[in-house]
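K.L.:
Encoded as C-alpha cells, here's the structure I'll be asking about.
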Amino acid sequence: MSARFEGTETYIATEDLRVAVNAAVALERPLLVKGEPGTGKTILAHEIAKALGKDIVTWHIKSTTKAQQGLYEYDAVTRLRDGQLGDPKVAEIGNYIIRGKMWQAFAADVAPVLLIDEIDKADIEFPNDLLLELDRMEFYVYETRETVKAKQRPVVVITSNNEKELPDAFLRRCFFHYIRFPDRDTMSRIVEVHYPGLQKALLRDALTVFYDVRDVPGLKKKPSTSELLDWIKLLLVEDIPAETLRQRDPAKLIPPLYGALLKNEQDVQLFERLAFLNRRERGT
Amino acid sequence: MLEGFLLELRDAKLPVSLKEFLTLMEAMQRGIASWNVDDFYYLARATLVKDERHLDKFDRVFGHYFKGLESFAETPAAIPAEWLKRLGEKLLSEEEKRQIEAMGGWDKLMETLQQRLREQNERHQGGSKWIGTEGTSPYGAQGYNPEGVRIGQENRHQRAVKVWDKRDFKNLDDRVELGTRNIKLALRRLRQFAREGADLELDLDDTIRSTARNAGWLDLKLLRERHNAVKVLLLLDIGGSMDGHIRTCAELFSAASSEFKHLAFYYFHNCPYEALWPDAQRRRSDQMPTVDVLRTYDQSYKLIFVGDASMSPYELQEPGASVEHFNDDAGEVWLRRLVGAYPKAVWLNPVPERYWDGTHSIGMIRQLMDDRMFPLTLDGLDRAMRRLTR
C-alpha cells in the first residue's frame with residue numbers, strides 16, 4: 001500500500017490519528033473513530049478519501065436502520081404490484097433486489113472509502129449483524145442465490161458517539177482511534193487551515209474566549225471545533241475587531257455572537273448569571 | 001519480547017485478545033510503525049485499546065513495561081540529565097557525594113524515584129522517605145538534600161516518555177468518580193437499560209412486506225416493543241457528608257428522567273426512617289410517611305439508594321438514635337422494610353470502594369442490601385444497572 005494518509009490541506013491530522021488510519025488502510029480492517037461531537041469524525045472519512053484519491057460511499061445510520069439494508073433489500077411490494085399488473089419483469093427476481101451501500105462499495109472497481117456514520121444510533125444487535133460481512137467482505141443474496149464478494153476491500157471508517165456500547169467481537173476486528181479535543185496549538189492550525197490569513201490577534205483572542213467558555217463548569221454542551229469555526233466566520237462577517245474580544249468588562253462577560261457557541265438555553269442563562277455575579281462582585 | 005506486554009495489559013484488566021495482539025504483530029511486520037517508539041505506541045494503542053475508558057490504563061502499563069526503551073529511541077533526552085548531574089556535583093560536599101554513591105548513583109536515584117512515585121499515593125510533606133515538599137528525602141521540591149529531584153520537571157525531560165506519561169485520558173477511566181463528562185456516558189447506560197421491554201406489538205411494515213411476499217395471503221408479524229416501562233424510586237441521602245455528591249446525583253437522575261416512564265425522588269438523612277422528604281430542603285411540613293411511599297409505589301419499581309452509608313452504627317441499630325428526631329423503629333428495620341418491598345434494589349455509594357471496610361455502618365448496610373452496594377463510578381453504575389435488570 002503506497003498511499004499514506006498524512007492529513008490534507010483542509011484537515012489537520014495528529015500523529016496518532018495518522019498511524020491509526022495508515023494501519024487500518026494497510027491491514028484492510030475497519031477503523032472505528034470516537035470522540036466528542038464536533039471534533040471532525042465524519043469529515044475524517046471524506047478527507048481520507050480525498051487524500052487517497054478514492055470515492056466515498058456514505059451510509060448514515062439511524063435508529064431504524066437494519067444491517068440488511070446495507071447489503072440489499074428485496075422490494076416485495078413492487079413485485080406484488082407488477083405481478084398483478086402482469087408485468088413480464090416479475091419473473092426475474094433480480095429486478096427487485098435493491099443494492100445497499102455496502103454492496104455498492106463492494107461492487108466498485110476501485111476500492112472506495114465506506115463510511116458507516118454513527119453506528120451507535122442503530123439497534124444494539126446491528127454491529128453483530130455486520131461482523132461477517134466486514135470481516136470477509138462478502139455476503140450471500142438468498143433471493144438470487146449468488147454470493148457478492150468485494151472486488152477490492154474498501155477502506156471502512158466507522159464513527160460512533162458512544163450512545164451504545166459496541167460488542168466485543170466487533171471491536172476486536174477494528175482499529176480504534178479516539179479523537180481528543182484539540183489543544184490550543186492544534187486548534188490554531190485547524191483554524192488557520194479554514195481561514196487562511198486570519199489576523200493573528202483575532203485568532204489568539206478568539207481562542208482565549210473559546211477555551212474560557214469551555215472551561216466554565218456546568219455547561220451542558222461545550223462548544224466544539226465546528227462551533228468555533230462557525231463563530232469565527234460570524235466574527236469575520238460581522239467585522240468584529242479583536243479589541244472587542246479582549247475587553248474584560250464584566251458586564252460583557254458573554255462573548256459577542258454567543259449564539260454560535262452556546263446552543264442551549266440553560267447554558268446562556270448560566271452565562272448571564274455568571275455575568276451578573278461578576279458585576280455584583282466588582283460593583284459597590 | 002512483546003508477549004510480556006500482552007500479559008501485563010491483561011493483568012491490568014484491559015480486555016486485550018490474542019487476535020488483536022496478532023493484528024499488532026502483523027502491522028509491525030508491514031512496517032507501519034516505522035521503528036519509532038512514538039509510532040509504535042500509537043499503533044499499539046489503536047490496535048489493542050477499543051474503548052477510551054481504557055486508554056489511561058494502557059498508558060500506565062505502556063509506561064511501566066517500556067521503561068528504559070525511550071533512552072535509545074530518542075537522543076535529545078540525555079542533555080538535561082548531564083546538566084543536572086554537573087550542577088549537583090558543583091553544589092555537593094564530598095560527604096554528600098558519597099551518600100549518593102551509596103544509593104547507586106544517578107541512574108539508581110531516578111529509578112528509586114519512579115518506584116517511590118508508584119508506592120506513594122498521596123501528597124506528603126516533611127518526613128524522610130516519601131516524596132513531597134520540604135523533606136530531607138532526596139525526592140521532591142525544596143528539599144534539604146542537595147541532590148533532590150524536582151518532581152514534574154527533570155523527570156519529564158524525555159520526549160518519548162511524555163506521550164503516555166501525560167496521561168491525557170485520565171478522566172476517561174471508568175474507575176474515577178463521576179464527573180460532568182462521565183455523567184453523559186453513564187446516562188447512555190441507563191438508557192440502554194431503560195430500553196428493555198418484552199411487549200409485543202404489530203409490525204405494520206413487516207406485515208405488509210410478508211403479506212406481499214406471501215402472494216397476498218395475510219401474514220401477521222409481531223415485534224418486540226422498544227418501550228420504556230422502567231420505573232425508578234430514588235432515595236437520596238442528603239445533608240452532612242453527602243452535600244458534595246448530591247448535586248451530581250440529582251443531575252444524573254433528573255437528566256435521566258426523560259428515559260423513565262416513572263421516576264420518583266425522595267430524600268433522607270443518613271438512613272431512611274418513618275418519613276421521607278419529597279424536597280431536598282427537608283421541611284418538616286412536607287414530610288411523606290415512609291409507609292405511604294411503600295403503598296404508593298408498587299414492587300415493579302426499582303429502588304435505588306444513593307448515600308455514603310457512613311454514620312454511627314447506633315443510628316442503624318437502636319430506636320431513637322436518629323441524629324434529628326426520635327424514631328420509634330430502628331433504621332435497620334426501615335431499611336429492611338424498604339428492601340423487602342422492592343425486590344430490585346441497589347445502593348450506590350459515593351465513597352470509594354476501597355474505604356468501605358473502614359466504616360462499620362457501610363458493612364452493615366451492605367449486609368442488609370445482600371451485597372448490592374456499588375460505588376458511584378461509571379463502572380459501579382454499570383454493575384448496579386446490570387444487577388437491577390437481572
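Every chain in the C-alpha cells takes a letter, A first, then B, and so on in the order presented; its residues are numbered from 1, and the ligands are numbered from 1 following the presented order.
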Excluding segment 4-8 of chain B and its own-chain neighbours fewer than 4 positions away, which residues fall within 12 Å of it when counting only C-alpha atoms? Please give them as JSON, numbers by chain.
P.N.:
{"B": [12, 13, 14, 15, 16, 17, 18, 19, 20, 21, 22, 24, 25, 44, 47, 48, 49, 57, 58, 60, 61, 62, 63, 64, 65, 66, 67]}
K.L.:
Using only C-alpha atoms and a cut-off of 8 Å, which residues of chain A sit close to chain B? Please list them as a ChimeraX atom specification.
P.N.:
/A:15-16,19-20,22-23,26-27,76-77,80,162-164,171-178,218
K.L.:
Would you output that residue set with N, CA and C atoms, as a PDB file, in the first residue's frame?
P.N.:
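Saved to result_17.pdb:
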ATOM      1  N   GLU A  15      -0.495  13.039  14.926  1.00  0.00           N
ATOM      2  CA  GLU A  15       0.357  11.904  14.574  1.00  0.00           C
ATOM      3  C   GLU A  15      -0.319  10.576  14.882  1.00  0.00           C
ATOM      4  N   ASP A  16      -0.978  10.503  16.019  1.00  0.00           N
ATOM      5  CA  ASP A  16      -1.595   9.233  16.393  1.00  0.00           C
ATOM      6  C   ASP A  16      -2.725   8.863  15.438  1.00  0.00           C
ATOM      7  N   VAL A  19      -1.186   7.383  12.262  1.00  0.00           N
ATOM      8  CA  VAL A  19      -0.768   5.982  12.441  1.00  0.00           C
ATOM      9  C   VAL A  19      -1.980   5.062  12.380  1.00  0.00           C
ATOM     10  N   ALA A  20      -3.054   5.457  13.082  1.00  0.00           N
ATOM     11  CA  ALA A  20      -4.246   4.607  13.123  1.00  0.00           C
ATOM     12  C   ALA A  20      -4.843   4.441  11.728  1.00  0.00           C
ATOM     13  N   ASN A  22      -3.353   4.799   8.774  1.00  0.00           N
ATOM     14  CA  ASN A  22      -2.482   4.021   7.902  1.00  0.00           C
ATOM     15  C   ASN A  22      -2.506   2.539   8.255  1.00  0.00           C
ATOM     16  N   ALA A  23      -2.595   2.244   9.533  1.00  0.00           N
ATOM     17  CA  ALA A  23      -2.677   0.841   9.944  1.00  0.00           C
ATOM     18  C   ALA A  23      -3.954   0.216   9.394  1.00  0.00           C
ATOM     19  N   ALA A  26      -3.632  -0.217   5.584  1.00  0.00           N
ATOM     20  CA  ALA A  26      -2.682  -1.249   5.173  1.00  0.00           C
ATOM     21  C   ALA A  26      -3.201  -2.649   5.499  1.00  0.00           C
ATOM     22  N   LEU A  27      -3.810  -2.804   6.668  1.00  0.00           N
ATOM     23  CA  LEU A  27      -4.258  -4.134   7.063  1.00  0.00           C
ATOM     24  C   LEU A  27      -5.696  -4.407   6.626  1.00  0.00           C
ATOM     25  N   ALA A  76     -40.523  -6.404  -2.179  1.00  0.00           N
ATOM     26  CA  ALA A  76     -41.617  -7.340  -2.425  1.00  0.00           C
ATOM     27  C   ALA A  76     -42.880  -6.625  -2.877  1.00  0.00           C
ATOM     28  N   VAL A  77     -43.098  -5.406  -2.350  1.00  0.00           N
ATOM     29  CA  VAL A  77     -44.348  -4.703  -2.664  1.00  0.00           C
ATOM     30  C   VAL A  77     -44.404  -4.370  -4.152  1.00  0.00           C
ATOM     31  N   LEU A  80     -45.126  -7.444  -6.085  1.00  0.00           N
ATOM     32  CA  LEU A  80     -46.527  -7.851  -5.981  1.00  0.00           C
ATOM     33  C   LEU A  80     -47.373  -7.044  -6.953  1.00  0.00           C
ATOM     34  N   ASN A 162     -20.830   7.016  21.038  1.00  0.00           N
ATOM     35  CA  ASN A 162     -20.864   6.411  22.359  1.00  0.00           C
ATOM     36  C   ASN A 162     -22.244   6.302  22.962  1.00  0.00           C
ATOM     37  N   GLU A 163     -23.285   6.309  22.152  1.00  0.00           N
ATOM     38  CA  GLU A 163     -24.603   6.196  22.762  1.00  0.00           C
ATOM     39  C   GLU A 163     -24.865   4.776  23.214  1.00  0.00           C
ATOM     40  N   LYS A 164     -24.227   3.843  22.542  1.00  0.00           N
ATOM     41  CA  LYS A 164     -24.377   2.451  22.960  1.00  0.00           C
ATOM     42  C   LYS A 164     -23.014   1.794  22.961  1.00  0.00           C
ATOM     43  N   LEU A 171     -15.518  -5.025  18.137  1.00  0.00           N
ATOM     44  CA  LEU A 171     -14.373  -4.161  18.431  1.00  0.00           C
ATOM     45  C   LEU A 171     -13.059  -4.841  18.087  1.00  0.00           C
ATOM     46  N   ARG A 172     -12.993  -6.149  18.347  1.00  0.00           N
ATOM     47  CA  ARG A 172     -11.757  -6.875  18.114  1.00  0.00           C
ATOM     48  C   ARG A 172     -11.304  -6.773  16.662  1.00  0.00           C
ATOM     49  N   ARG A 173     -12.247  -6.588  15.761  1.00  0.00           N
ATOM     50  CA  ARG A 173     -11.898  -6.569  14.342  1.00  0.00           C
ATOM     51  C   ARG A 173     -11.499  -5.192  13.845  1.00  0.00           C
ATOM     52  N   CYS A 174     -11.604  -4.180  14.715  1.00  0.00           N
ATOM     53  CA  CYS A 174     -11.352  -2.811  14.254  1.00  0.00           C
ATOM     54  C   CYS A 174     -10.050  -2.265  14.822  1.00  0.00           C
ATOM     55  N   PHE A 175      -9.569  -1.227  14.157  1.00  0.00           N
ATOM     56  CA  PHE A 175      -8.616  -0.338  14.805  1.00  0.00           C
ATOM     57  C   PHE A 175      -9.439   0.763  15.447  1.00  0.00           C
ATOM     58  N   PHE A 176      -8.898   1.318  16.511  1.00  0.00           N
ATOM     59  CA  PHE A 176      -9.691   2.291  17.244  1.00  0.00           C
ATOM     60  C   PHE A 176      -8.921   3.601  17.366  1.00  0.00           C
ATOM     61  N   HIS A 177      -9.626   4.694  17.166  1.00  0.00           N
ATOM     62  CA  HIS A 177      -8.991   5.980  17.466  1.00  0.00           C
ATOM     63  C   HIS A 177      -9.980   6.886  18.164  1.00  0.00           C
ATOM     64  N   TYR A 178      -9.520   7.478  19.256  1.00  0.00           N
ATOM     65  CA  TYR A 178     -10.350   8.423  19.990  1.00  0.00           C
ATOM     66  C   TYR A 178      -9.850   9.829  19.681  1.00  0.00           C
ATOM     67  N   GLY A 218     -20.098  23.245  34.472  1.00  0.00           N
ATOM     68  CA  GLY A 218     -21.541  23.055  34.453  1.00  0.00           C
ATOM     69  C   GLY A 218     -22.202  23.345  33.116  1.00  0.00           C
TER      70      GLY A 218
END
K.L.:
Between A:Gly100, A:Glu143, A:Thr225, A:Ala260, which residue has the minimum interatomic distance to Ile179 of chain A, considering only C-alpha atoms?
P.N.:
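Looking at the shortest contact to Ile179 of chain A, the residue is A:Thr225.
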K.L.:
Between atom CA of Arg372 of chain B and atom CA of Val346 of chain B, what is the distance, to one decimal in Å?
P.N.:
5.2 Å
K.L.:
Rank A:Asp183, A:Glu125, A:Glu36, A:Glu133 by their smallest atom-to-atom distance to Asp168 of chain A, using only C-alpha atoms, and report the top residue only.
P.N.:
A:Glu125
K.L.:
Take atom CA of Leu134 of chain A and atom CA of Leu9 of chain B and report the distance between them in Å, one decimal.
P.N.:
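Answer for the atom CA of Leu134 of chain A to atom CA of Leu9 of chain B separation: 27.0 Å.
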K.L.:
So that I can see what lies close to Thr65 of chain A, please list as a list in words the residues with an atom at most 9 Å from it, counting only C-alpha atoms and leaving out residues fewer than 4 positions away in the same chain.
P.N.:
His60, Ile61, Gln69, Gly70, Lys121, Ala122, Asp123 and Phe126 of chain A
K.L.:
Rounded to one decimal in Å, what is the spacing between atom CA of Leu222 of chain B and atom CA of Ile124 of chain A?
P.N.:
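One can read the atom CA of Leu222 of chain B to atom CA of Ile124 of chain A distance as 18.9 Å.
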K.L.:
Write out as a PyMOL selection string all residues of segment 26-263 of chain A that backbone DSSP assigns to helix (DSSP H, G or I).
P.N.:
chain A and resi 26-27+41-52+67-71+76-85+88-91+93-96+101-107+119-121+126-129+131-136+168-172+184-194+200-215+225-238+242-246+250-252+258-260
